[in-house]
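Visitor: Dropping in data-v9.cif, with mmCIF, C-alpha atoms.
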data_target
#
loop_
_atom_site.label_atom_id
_atom_site.label_comp_id
_atom_site.auth_asym_id
_atom_site.auth_seq_id
_atom_site.Cartn_x
_atom_site.Cartn_y
_atom_site.Cartn_z
CA MET P 30 21.16 -43.58 7.87
CA LYS P 31 19.61 -46.97 8.39
CA SER P 32 18.72 -49.28 5.52
CA GLN P 33 15.09 -49.27 4.48
CA ILE P 34 15.17 -52.83 3.02
CA GLY P 35 12.48 -54.96 4.54
CA ARG P 36 10.74 -52.05 6.25
CA GLY P 37 7.07 -51.60 5.78
CA LEU P 38 4.58 -54.10 4.41
CA PRO P 39 5.74 -54.06 0.75
CA GLY P 40 9.35 -54.56 1.76
CA ARG P 41 8.57 -57.41 4.13
CA LEU P 42 6.34 -59.02 1.54
CA ALA P 43 9.13 -58.84 -1.04
CA VAL P 44 11.60 -60.42 1.39
CA ALA P 45 9.11 -63.17 2.28
CA VAL P 46 8.46 -63.94 -1.38
CA ALA P 47 12.20 -64.05 -2.10
CA VAL P 48 12.76 -66.45 0.80
CA LEU P 49 9.89 -68.69 -0.31
CA LEU P 50 11.20 -68.79 -3.87
CA ALA P 51 14.68 -69.67 -2.64
CA LEU P 52 13.29 -72.46 -0.46
CA ALA P 53 11.16 -73.79 -3.31
CA ALA P 54 14.18 -73.88 -5.59
CA CYS P 55 16.15 -75.80 -2.98
CA SER P 56 13.37 -78.32 -2.43
CA ALA P 57 12.97 -79.17 -6.12
CA SER P 58 13.71 -82.83 -6.70
CA PRO P 59 17.04 -83.52 -8.37
CA VAL P 60 17.21 -85.42 -11.62
CA PRO P 61 17.16 -89.13 -10.68
CA HIS P 62 20.30 -90.09 -12.61
CA GLN P 63 21.01 -93.19 -10.51
CA ALA P 64 17.46 -94.50 -10.89
CA LEU P 65 17.66 -94.05 -14.67
CA VAL P 66 21.03 -95.78 -14.92
CA THR P 67 19.75 -98.66 -12.78
CA ALA P 68 16.65 -99.02 -14.97
CA GLU P 69 18.68 -98.95 -18.18
CA LEU P 70 21.02 -101.62 -16.81
CA ALA P 71 18.09 -103.79 -15.68
CA VAL P 72 16.45 -103.56 -19.13
CA SER P 73 19.74 -104.46 -20.80
CA GLN P 74 20.22 -107.45 -18.51
CA ALA P 75 16.67 -108.63 -19.20
CA GLU P 76 17.28 -108.40 -22.94
CA THR P 77 20.53 -110.36 -22.56
CA ALA P 78 18.71 -113.01 -20.53
CA GLY P 79 16.28 -113.61 -23.39
CA ALA P 80 13.29 -111.69 -22.08
CA ALA P 81 12.27 -110.66 -25.60
CA ARG P 82 11.50 -114.33 -26.26
CA HIS P 83 10.42 -115.58 -22.85
CA ALA P 84 8.85 -112.51 -21.18
CA PRO P 85 8.01 -110.04 -23.94
CA ASP P 86 5.14 -108.31 -22.11
CA GLU P 87 7.21 -107.60 -18.99
CA LEU P 88 10.15 -106.42 -21.09
CA ALA P 89 7.90 -104.12 -23.13
CA ALA P 90 6.44 -102.67 -19.93
CA ALA P 91 9.93 -101.97 -18.59
CA GLN P 92 11.00 -100.32 -21.84
CA ALA P 93 7.85 -98.18 -21.96
CA LYS P 94 8.31 -97.02 -18.37
CA LEU P 95 11.96 -96.21 -19.00
CA GLU P 96 10.97 -94.13 -22.03
CA ALA P 97 8.28 -92.39 -19.97
CA ALA P 98 10.87 -91.67 -17.27
CA ASN P 99 13.13 -90.01 -19.85
CA GLN P 100 10.21 -87.94 -21.09
CA ALA P 101 9.40 -86.93 -17.51
CA ILE P 102 12.99 -85.72 -17.11
CA GLU P 103 12.58 -83.54 -20.19
CA ALA P 104 9.36 -82.15 -18.69
CA LYS P 105 11.21 -81.42 -15.41
CA ALA P 106 8.94 -83.87 -13.57
CA ASN P 107 11.80 -85.44 -11.64
CA ASP P 108 9.69 -87.14 -8.96
CA ARG P 109 7.58 -88.80 -11.64
CA ALA P 110 10.74 -89.77 -13.53
CA ARG P 111 12.18 -91.44 -10.43
CA VAL P 112 8.99 -93.44 -9.82
CA LEU P 113 8.83 -94.54 -13.47
CA ALA P 114 12.51 -95.51 -13.48
CA GLU P 115 12.03 -97.58 -10.32
CA GLN P 116 8.99 -99.29 -11.86
CA ALA P 117 10.96 -99.97 -15.05
CA THR P 118 13.70 -101.58 -12.97
CA ILE P 119 11.21 -103.87 -11.24
CA ASP P 120 9.50 -104.83 -14.51
CA ALA P 121 12.86 -105.53 -16.13
CA ARG P 122 13.96 -107.73 -13.23
CA VAL P 123 10.71 -109.67 -13.42
CA ALA P 124 11.28 -110.14 -17.17
CA GLU P 125 14.83 -111.32 -16.54
CA ILE P 126 13.75 -113.80 -13.87
CA GLU P 127 10.96 -115.16 -16.06
CA ALA P 128 13.37 -115.57 -18.98
CA GLU P 129 15.89 -117.36 -16.79
CA ALA P 130 13.16 -119.59 -15.36
CA ALA P 131 11.94 -120.50 -18.84
CA GLN P 132 15.46 -121.35 -19.93
CA ALA P 133 16.05 -123.41 -16.78
CA GLN P 134 12.80 -125.31 -17.42
CA ALA P 135 13.85 -126.00 -21.00
CA ALA P 136 17.24 -127.28 -19.80
CA ALA P 137 15.54 -129.50 -17.21
CA ASP P 138 13.21 -130.89 -19.88
CA ARG P 139 16.17 -131.69 -22.15
CA LEU P 140 18.03 -133.38 -19.31
CA ARG P 141 14.95 -135.45 -18.41
CA ASP P 142 14.67 -136.59 -22.05
CA VAL P 143 18.34 -137.61 -22.11
CA LEU P 144 18.00 -139.51 -18.85
CA GLU P 145 14.86 -141.29 -20.05
CA ARG P 146 16.64 -142.40 -23.24
CA GLN P 147 19.62 -143.61 -21.24
CA HIS P 148 17.35 -145.42 -18.84
CA ARG P 149 15.54 -147.18 -21.70
CA GLY P 150 18.93 -148.22 -23.12
CA VAL P 151 20.10 -149.70 -19.81
CA ILE P 152 16.82 -151.38 -18.90
CA PRO P 153 15.34 -152.84 -22.08
CA SER P 154 11.61 -153.01 -22.54
CA ARG P 155 9.97 -156.27 -21.32
CA ALA P 156 7.34 -156.16 -24.06
CA GLY P 157 9.14 -158.84 -26.05
CA THR P 158 9.34 -161.41 -23.20
#
As structure tokens, what does this structure read like?

Guide:
Amino acid sequence: MKSQIGRGLPGRLAVAVAVLLALAACSASPVPHQALVTAELAVSQAETAGAARHAPDELAAAQAKLEAANQAIEAKANDRARVLAEQATIDARVAEIEAEAAQAQAAADRLRDVLERQHRGVIPSRAGT
């Protein structure tokens, strides 16, 4: 006796639906763990670099996008979570660079002031001549 599985329209339809469901399950996006870890590290590095003081808007944007990415994970919206995590990483890196640039500018300003004072000490003013 031959198997009747898949014979007739209802059987073929059931097999087709089962195959489609299996394919859909396989094509679901995986949880973007690496993107989340990268974003968390980038936010941490921005905070360490002084972004809270020198680039608060960019840092806040990165933190908000990271939080939204975590919420997307909970909602099983893995593609959205990956995009948000990548955006958080970019925002955090911008915040870090802006913080480092502000600190470098402050250091350059301090050095210029020191050099100007030294210069005035070596070359006295001619106002009294």

Visitor: Any idea what the distance is between atom CA of Leu70 of chain P and atom CA of Ala84 of chain P?

Guide: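 Taking atom CA of Leu70 of chain P as the start and atom CA of Ala84 of chain P as the end point, the length is 16.9 Å.
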
Visitor: If the PyMOL selection byres ((chain P and resi 75) around 12) is run on the structure shown, which residues does it catch, given as an MDAnalysis selection string?

Guide: chainID P and resid 68:74 76:92 117:129

Visitor: Please measure the separation of atom CA of Thr67 of chain P and atom CA of Glu115 of chain P, giving the value in Å to one decimal.

Guide: 8.2 Å

Visitor: Suppose you want the space between atom CA of Gln116 of chain P and atom CA of Lys94 of chain P; what is it in Å?

Guide: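 A separation of 6.9 Å between them.
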
Visitor: Enclose the full set of atoms of segment 123-135 of chain P listed in the file within a box whose edges lie along x, y and z, apply 5 Å of padding to each of the six sides, and report centre and edge lengths in Å to one decimal as JSON.

Guide:
{"center_x": 13.4, "center_y": -117.8, "center_z": -17.2, "size_x": 15.3, "size_y": 26.3, "size_z": 17.6}

Visitor: Please determine the residues with any atom at most 7 Å from (11.6, -90.7, -16.6) (coordinates as given in the file, with all atoms listed in the file counting) and report them as a PyMOL selection string.

Guide: chain P and resi 95-102+109-111+113-114

Visitor: Need to verify the contact set: Lys105 of chain P, 10 Å, all atoms listed in the file, exclusion of same-chain residues closer than 6 positions in sequence. Can you return it as a list in words?

Guide: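 My reading of the contact set: Ala57, Ser58, Pro59, Val60 and Asn99 of chain P.
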